[in-house]
Every structure is written in structure tokens, then in C-alpha cells.
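**Q** Sharing entry.txt (compact mmCIF, C-alpha atoms) below.
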# COMPACT_ATOMS: atom_id res chain seq x y z
CA MET I 1 78.82 84.59 87.06
CA GLN I 2 80.86 81.61 85.86
CA ALA I 3 84.28 81.02 87.40
CA ILE I 4 86.74 81.47 84.53
CA PHE I 5 90.00 80.75 86.37
CA GLY I 6 91.27 77.65 88.11
CA PRO I 7 94.17 76.66 90.36
CA GLY I 8 97.54 77.39 88.77
CA ASP I 9 96.27 80.03 86.33
CA ARG I 10 98.37 83.18 86.13
CA VAL I 11 96.31 86.29 86.78
CA GLN I 12 96.90 90.00 87.06
CA VAL I 13 94.92 92.25 89.39
CA MET I 14 93.42 95.12 87.42
CA ASP I 15 93.19 98.66 88.74
CA LEU I 16 89.48 99.28 88.22
CA GLU I 17 89.85 102.68 89.88
CA ALA I 18 92.42 103.95 87.38
CA GLU I 19 91.20 101.94 84.37
CA GLN I 20 87.42 102.19 84.74
CA GLY I 21 86.88 105.00 87.23
CA LEU I 22 85.46 102.75 89.93
CA THR I 23 84.97 104.69 93.15
CA GLY I 24 83.74 104.06 96.67
CA HIS I 25 83.99 100.71 98.39
CA MET I 26 86.56 98.61 96.53
CA ARG I 27 87.68 95.12 97.48
CA ALA I 28 91.19 95.05 95.98
CA PRO I 29 93.78 96.99 98.00
CA VAL I 30 96.07 99.26 96.05
CA TYR I 31 99.20 97.29 96.93
CA CYS I 32 98.11 94.29 94.85
CA ARG I 33 96.80 96.16 91.82
CA GLY I 34 98.81 95.58 88.67
CA LYS I 35 100.58 92.62 90.31
CA THR I 36 100.65 89.17 88.79
CA GLY I 37 100.16 85.97 90.76
CA GLU I 38 98.69 82.52 90.54
CA ILE I 39 95.27 81.17 91.49
CA GLU I 40 95.76 79.12 94.64
CA ARG I 41 92.09 78.07 94.91
CA PHE I 42 88.56 78.98 93.98
CA CYS I 43 86.78 80.02 97.18
CA GLY I 44 83.19 80.05 95.92
CA ALA I 45 80.91 82.74 94.53
CA PHE I 46 79.61 85.49 96.81
CA GLY I 47 77.36 88.52 96.56
CA ASN I 48 79.34 91.43 95.15
CA PRO I 49 80.46 93.43 98.21
CA GLU I 50 80.88 96.54 96.09
CA THR I 51 77.12 96.71 95.51
CA LEU I 52 76.07 95.11 98.82
CA ALA I 53 77.87 98.02 100.50
CA TYR I 54 75.33 100.41 98.99
CA GLY I 55 72.16 98.44 99.71
CA GLY I 56 72.20 96.52 96.43
CA ASP I 57 71.41 92.83 96.24
CA GLY I 58 74.95 91.80 95.27
CA THR I 59 73.91 90.02 92.09
CA PRO I 60 75.39 88.61 90.02
CA ALA I 61 77.43 86.71 92.62
CA GLN I 62 81.14 87.08 91.94
CA PRO I 63 83.60 84.19 91.96
CA LEU I 64 86.26 84.74 94.63
CA TYR I 65 89.78 83.35 94.39
CA ARG I 66 92.73 83.09 96.70
CA VAL I 67 95.60 84.46 94.65
CA ARG I 68 99.20 83.71 95.60
CA PHE I 69 101.84 86.31 94.82
CA LYS I 70 105.56 86.24 95.39
CA GLN I 71 106.32 88.85 98.03
CA ALA I 72 109.13 90.10 95.79
CA ASP I 73 106.56 90.73 93.04
CA VAL I 74 104.38 92.79 95.39
CA TRP I 75 106.86 94.87 97.37
CA PRO I 76 109.61 96.79 95.58
CA GLY I 77 112.99 95.92 97.09
CA TYR I 78 111.62 93.00 99.12
CA ALA I 79 114.56 91.63 101.11
CA GLY I 80 113.11 88.34 102.39
CA ALA I 81 113.44 84.84 100.97
CA ALA I 82 112.80 84.46 97.26
CA ASN I 83 109.97 81.97 97.77
CA ASP I 84 108.09 84.07 100.36
CA CYS I 85 104.45 84.45 99.30
CA ILE I 86 101.42 86.51 100.16
CA GLU I 87 97.89 85.26 99.48
CA ILE I 88 95.06 87.69 98.89
CA GLU I 89 91.42 86.90 98.21
CA VAL I 90 90.34 88.77 95.08
CA TYR I 91 87.02 88.80 93.23
CA GLN I 92 86.95 87.73 89.59
CA HIS I 93 85.95 91.12 88.21
CA TRP I 94 89.30 92.49 89.42
CA LEU I 95 91.29 89.79 87.58
CA LYS I 96 92.51 89.21 84.05
CA ALA I 97 94.71 86.49 82.60
CA GLY I 98 98.28 87.45 83.46
CA MET X 1 97.57 106.28 85.67
CA LYS X 2 98.27 105.78 89.34
CA ILE X 3 95.71 107.05 91.82
CA ASP X 4 96.72 108.06 95.35
CA LYS X 5 95.37 105.43 97.64
CA ALA X 6 92.61 106.16 100.10
CA TYR X 7 93.50 106.83 103.74
CA HIS X 8 91.86 103.59 104.83
CA ASP X 9 93.86 101.47 102.37
CA VAL X 10 96.90 101.02 104.59
CA GLY X 11 98.34 97.70 103.40
CA GLY X 12 102.10 98.05 103.14
CA ASP X 13 102.35 101.27 105.15
CA ASP X 14 104.99 101.31 107.85
CA PHE X 15 103.37 101.44 111.29
CA GLY X 16 106.35 99.89 113.05
CA PRO X 17 106.07 96.88 115.32
CA VAL X 18 102.60 95.44 115.91
CA PRO X 19 101.50 96.35 119.45
CA ILE X 20 100.61 93.22 121.40
CA ASP X 21 98.01 93.49 124.15
CA ASP X 22 96.24 90.86 126.22
CA GLY X 23 93.40 90.57 123.74
CA SER X 24 90.69 91.52 126.21
CA TYR X 25 87.86 93.84 125.24
CA GLN X 26 86.16 96.59 127.19
CA LEU X 27 82.43 96.39 127.84
CA TRP X 28 81.64 99.09 125.26
CA GLU X 29 83.60 97.22 122.62
CA ARG X 30 81.64 94.04 123.34
CA ARG X 31 78.43 96.03 123.09
CA VAL X 32 79.37 97.48 119.71
CA ASP X 33 80.23 94.01 118.44
CA ALA X 34 76.91 92.68 119.78
CA MET X 35 75.03 95.54 118.12
CA MET X 36 76.59 94.72 114.75
CA ARG X 37 75.69 91.04 115.17
CA LEU X 38 72.14 91.94 116.13
CA LEU X 39 71.60 94.42 113.31
CA SER X 40 73.07 92.04 110.73
CA SER X 41 71.21 88.96 111.98
CA PRO X 42 68.71 87.46 109.51
CA ALA X 43 65.84 88.36 111.84
CA VAL X 44 66.76 92.07 111.82
CA GLY X 45 68.61 92.44 108.53
CA LEU X 46 69.44 96.14 108.85
CA MET X 47 73.20 95.90 108.33
CA ARG X 48 75.63 94.07 106.12
CA VAL X 49 79.31 93.74 106.77
CA ASP X 50 79.96 95.50 103.46
CA GLU X 51 77.88 98.47 104.61
CA LEU X 52 79.81 98.52 107.88
CA ARG X 53 83.03 98.65 105.93
CA ARG X 54 81.76 101.35 103.56
CA GLY X 55 80.68 103.41 106.57
CA ILE X 56 84.14 103.05 108.11
CA GLU X 57 85.79 104.09 104.84
CA THR X 58 83.77 107.31 104.72
CA LEU X 59 84.34 108.56 108.27
CA GLY X 60 86.88 111.08 107.04
CA GLU X 61 90.62 110.79 107.48
CA ALA X 62 90.90 112.55 110.86
CA THR X 63 88.14 110.45 112.46
CA TYR X 64 89.40 107.28 110.82
CA ASN X 65 92.87 107.81 112.23
CA ALA X 66 91.68 108.93 115.68
CA GLU X 67 89.16 106.19 116.41
CA PRO X 68 90.10 102.74 117.72
CA TYR X 69 88.78 99.65 115.97
CA TYR X 70 85.37 99.50 117.63
CA GLY X 71 85.07 103.29 117.64
CA LYS X 72 85.07 103.04 113.84
CA TRP X 73 82.39 100.34 114.04
CA ALA X 74 80.20 102.41 116.36
CA ARG X 75 80.43 105.48 114.15
CA SER X 76 79.73 103.44 111.03
CA LEU X 77 76.72 101.73 112.64
CA ALA X 78 75.28 105.11 113.63
CA LYS X 79 75.95 106.54 110.18
CA ILE X 80 74.29 103.66 108.32
CA MET X 81 71.28 103.61 110.69
CA ILE X 82 70.81 107.35 110.12
CA GLU X 83 71.17 106.80 106.36
CA LYS X 84 68.41 104.16 106.51
CA GLY X 85 66.15 106.31 108.63
CA VAL X 86 66.24 103.95 111.62
CA LEU X 87 67.68 106.79 113.72
CA SER X 88 67.94 110.49 113.16
CA GLN X 89 70.98 112.57 113.97
CA ALA X 90 68.73 114.42 116.45
CA ASP X 91 67.84 111.10 118.18
CA LEU X 92 71.51 110.27 118.46
CA ASP X 93 72.53 113.74 119.70
CA ALA X 94 69.71 113.72 122.29
CA LYS X 95 70.71 110.29 123.64
CA ILE X 96 74.38 111.24 123.82
CA ALA X 97 73.46 114.46 125.69
CA GLU X 98 71.25 112.48 128.09
CA LEU X 99 73.97 109.93 128.86
CA ARG X 100 76.61 112.63 129.29
CA ALA X 101 74.32 114.51 131.69
CA GLU X 102 73.71 111.31 133.70
CA ARG X 103 77.43 110.93 134.11
CA GLY X 104 78.02 114.59 134.97
CA LEU X 105 80.05 115.22 131.82
CA THR X 106 80.06 118.62 130.20
CA PRO X 107 78.05 118.72 126.97
What does this structure look like when you write it as C-alpha cells?
**A**
Amino acid sequence: MQAIFGPGDRVQVMDLEAEQGLTGHMRAPVYCRGKTGEIERFCGAFGNPETLAYGGDGTPAQPLYRVRFKQADVWPGYAGAANDCIEIEVYQHWLKAG
Amino acid sequence: MKIDKAYHDVGGDDFGPVPIDDGSYQLWERRVDAMMRLLSSPAVGLMRVDELRRGIETLGEATYNAEPYYGKWARSLAKIMIEKGVLSQADLDAKIAELRAERGLTP
């Protein structure tokens, strides 16, 4: 699987559970779904944990990114500093251009 | 559509202050960690970290909430080994009964 995003790209985490009915072992926590952030770095491509978890071979390997979100964009009513960030590693199949 | 999150997806929940301990591990916790490393080693290849995690996520809410960190690992390891036919539930039950008897614990 080709990496389609690069550092600085704006991306939104999809909710594959709500949008596509994905069930079982899922690698994007609910708190970041629907949130928009920025690619901080490309981490490499790795076997897909969502199929590896069930004995699959994990192919095709999925590009993994570290995505940087503003805390205020993630947590409603966030009271900390405006430039506080949270970085979450998210696989490409959970991301769309945001 | 918003789906209620699973009981194991706790990011953002309010658990209060993080308890700080001295970071030491009990012998059984070290053994569970060693078992995971052994089973997931290339030479053995019976476990993957993603399977461990999937096993933990399907322990059921009451067990998930009651077990400490390595208790979840131990239960997941047993579950996945039973799933793969490496162990049977009867093997596991028999060994637990044997060890409890050795220690004079009630069944």
C-alpha cells in the first residue's frame, strides 16, 4: 500500500465502525475519530493489525502516520493552552484528506 | 451515526489521578511477560501482539475491569492458546486445580 500522505498534510480520522460497519479489533480509538489534524511524520508501513489480530497475514502492509491534533480540537471544552497538542499513530486506512 | 465506545476503549475517561507505584513487578507478572515473549518469538510463533490485544478486548467487561494489567495478558494468552488448539480448557482447568490443591486452596 502506497503512502498517500506526507508531513504537513491535513487529515481527518474516519469512523470505520460507524461508516463501514467495521467490528472487532480496531486501531483508532473513539476519541480521535472524526477529528482533524496534521501528519507529523510517516512512521513506515506495517502489517495490518486488524487482520493480524485474527490470524491473517496482515497484507497489504498499511502505512502508519503520527498525526498531531490540537488538544482543543480533540476534547470538547479543553481548558489548557491553545497550542497544546496530542499525537496519535493512525493507520492510513483510517485517514482521509481533511 | 455515533456508536457507543467499547469498554476497553478508555481514552479520555476520567479515572482521576494516575496512581504512582515503585514500578516493580511480582514474579507472576514477570512470568506472564516472559510467556508472551516466548510464544511470540520467531522460533515459536504462536502469538502476535495484535492477537494478545484482541484477546484482551474480548474478555468481557466485568473481567476486563477486574483484572490487573498482566491478569488481562494471562487470560488473553490462555484464550488464544485454547483457540489455536495448543491447550484445551480441560487442560487449563486441570492444571489450575492441581496447583490450587498443592497450595491447599479450596477448588
**Q** Between atom CA of Gly12 of chain X and atom CA of Gly55 of chain X, what is the distance, to one decimal in Å?
**A**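 These atoms are spaced 22.3 Å apart.
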**Q** Counting only C-alpha atoms, which residues of chain X come no farther than 9 Å from chain I, as a PyMOL selection string?
**A** chain X and resi 1-6+9-12+48-55+57-58
**Q** Give me the residues within 9 Å of segment 84-89 of chain I as an mmCIF file with C-alpha atoms, keeping the file's coordinate frame, counting all atoms listed in the file and dropping any in the same chain fewer than 6 places off.
**A**
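Below is the file that was written, out-v1.cif:
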data_model
loop_
_atom_site.group_PDB
_atom_site.id
_atom_site.type_symbol
_atom_site.label_atom_id
_atom_site.label_comp_id
_atom_site.auth_asym_id
_atom_site.auth_seq_id
_atom_site.Cartn_x
_atom_site.Cartn_y
_atom_site.Cartn_z
ATOM 1 C CA ALA I 28 91.190 95.050 95.980
ATOM 2 C CA CYS I 32 98.110 94.290 94.850
ATOM 3 C CA GLU I 40 95.760 79.120 94.640
ATOM 4 C CA CYS I 43 86.780 80.020 97.180
ATOM 5 C CA LEU I 64 86.260 84.740 94.630
ATOM 6 C CA TYR I 65 89.780 83.350 94.390
ATOM 7 C CA ARG I 66 92.730 83.090 96.700
ATOM 8 C CA VAL I 67 95.600 84.460 94.650
ATOM 9 C CA ARG I 68 99.200 83.710 95.600
ATOM 10 C CA PHE I 69 101.840 86.310 94.820
ATOM 11 C CA LYS I 70 105.560 86.240 95.390
ATOM 12 C CA GLN I 71 106.320 88.850 98.030
ATOM 13 C CA ALA I 72 109.130 90.100 95.790
ATOM 14 C CA VAL I 74 104.380 92.790 95.390
#
**Q** Pick the closest to Tyr25 of chain X from X:Val44, X:Leu77, X:Pro68, X:Tyr7: which is it, counting only C-alpha atoms?
**A**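 Of X:Val44, X:Leu77, X:Pro68, X:Tyr7, the one nearest Tyr25 of chain X is X:Pro68, counting only C-alpha atoms.
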**Q** Between atom CA of Gly6 of chain I and atom CA of Ala81 of chain I, measure the distance and give it in Å to one decimal.
**A**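 Computing it gives 26.6 Å between the two atoms.
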**Q** Using atom CA of Lys84 of chain X and atom CA of Tyr64 of chain X as the two end points, give the distance in Å to one decimal.
**A**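 For atom CA of Lys84 of chain X relative to atom CA of Tyr64 of chain X, the distance reads 21.7 Å.
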**Q** With distances taken over all atoms listed in the file, which of X:Arg103, X:Gly23, X:Leu46, X:His8 is nearest to Asn65 of chain X?
**A**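 Using all atoms listed in the file, the shortest distance to Asn65 of chain X belongs to X:His8.
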**Q** If we count only C-alpha atoms, what is near Gln12 of chain I at a cut-off of 8 Å, once residues fewer than 2 positions away on the same chain are taken out, given as a list in words?
**A** Arg10, Met14, Arg33, Gly34, Lys35, Thr36, Gly37, Leu95, Lys96, Ala97 and Gly98 of chain I
**Q** Quick one: residues within 9 Å of His93 of chain I, only C-alpha atoms, excluding same-chain residues fewer than 4 positions away - as a tab-separated table (two decimals) with C-alpha atoms, keeping the file's coordinate frame?
**A**
chain	number	residue	atom	x	y	z
I	14	MET	CA	93.42	95.12	87.42
I	16	LEU	CA	89.48	99.28	88.22
I	62	GLN	CA	81.14	87.08	91.94
I	63	PRO	CA	83.60	84.19	91.96
**Q** Find the residues near segment 89-93 of chain X: any atom within 12 Å, counting all atoms listed in the file, skip ones fewer than 5 places away on the same chain, and give them as a PDB file with C-alpha atoms, in the coordinates of the input.
**A**
ATOM      1  CA  ALA X  74      80.200 102.410 116.360  1.00  0.00           C
ATOM      2  CA  ARG X  75      80.430 105.480 114.150  1.00  0.00           C
ATOM      3  CA  LEU X  77      76.720 101.730 112.640  1.00  0.00           C
ATOM      4  CA  ALA X  78      75.280 105.110 113.630  1.00  0.00           C
ATOM      5  CA  LYS X  79      75.950 106.540 110.180  1.00  0.00           C
ATOM      6  CA  ILE X  80      74.290 103.660 108.320  1.00  0.00           C
ATOM      7  CA  MET X  81      71.280 103.610 110.690  1.00  0.00           C
ATOM      8  CA  ILE X  82      70.810 107.350 110.120  1.00  0.00           C
ATOM      9  CA  GLU X  83      71.170 106.800 106.360  1.00  0.00           C
ATOM     10  CA  LYS X  84      68.410 104.160 106.510  1.00  0.00           C
ATOM     11  CA  GLU X  98      71.250 112.480 128.090  1.00  0.00           C
ATOM     12  CA  LEU X  99      73.970 109.930 128.860  1.00  0.00           C
ATOM     13  CA  ARG X 100      76.610 112.630 129.290  1.00  0.00           C
ATOM     14  CA  PRO X 107      78.050 118.720 126.970  1.00  0.00           C
TER      15      PRO X 107
END
**Q** Using all atoms listed in the file, can you tell me which of I:Gln92, I:Asn83, I:Thr59, I:Thr23 comes closest to Gln2 of chain I?
**A**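 Of I:Gln92, I:Asn83, I:Thr59, I:Thr23, the one nearest Gln2 of chain I, counting all atoms listed in the file, is I:Gln92.
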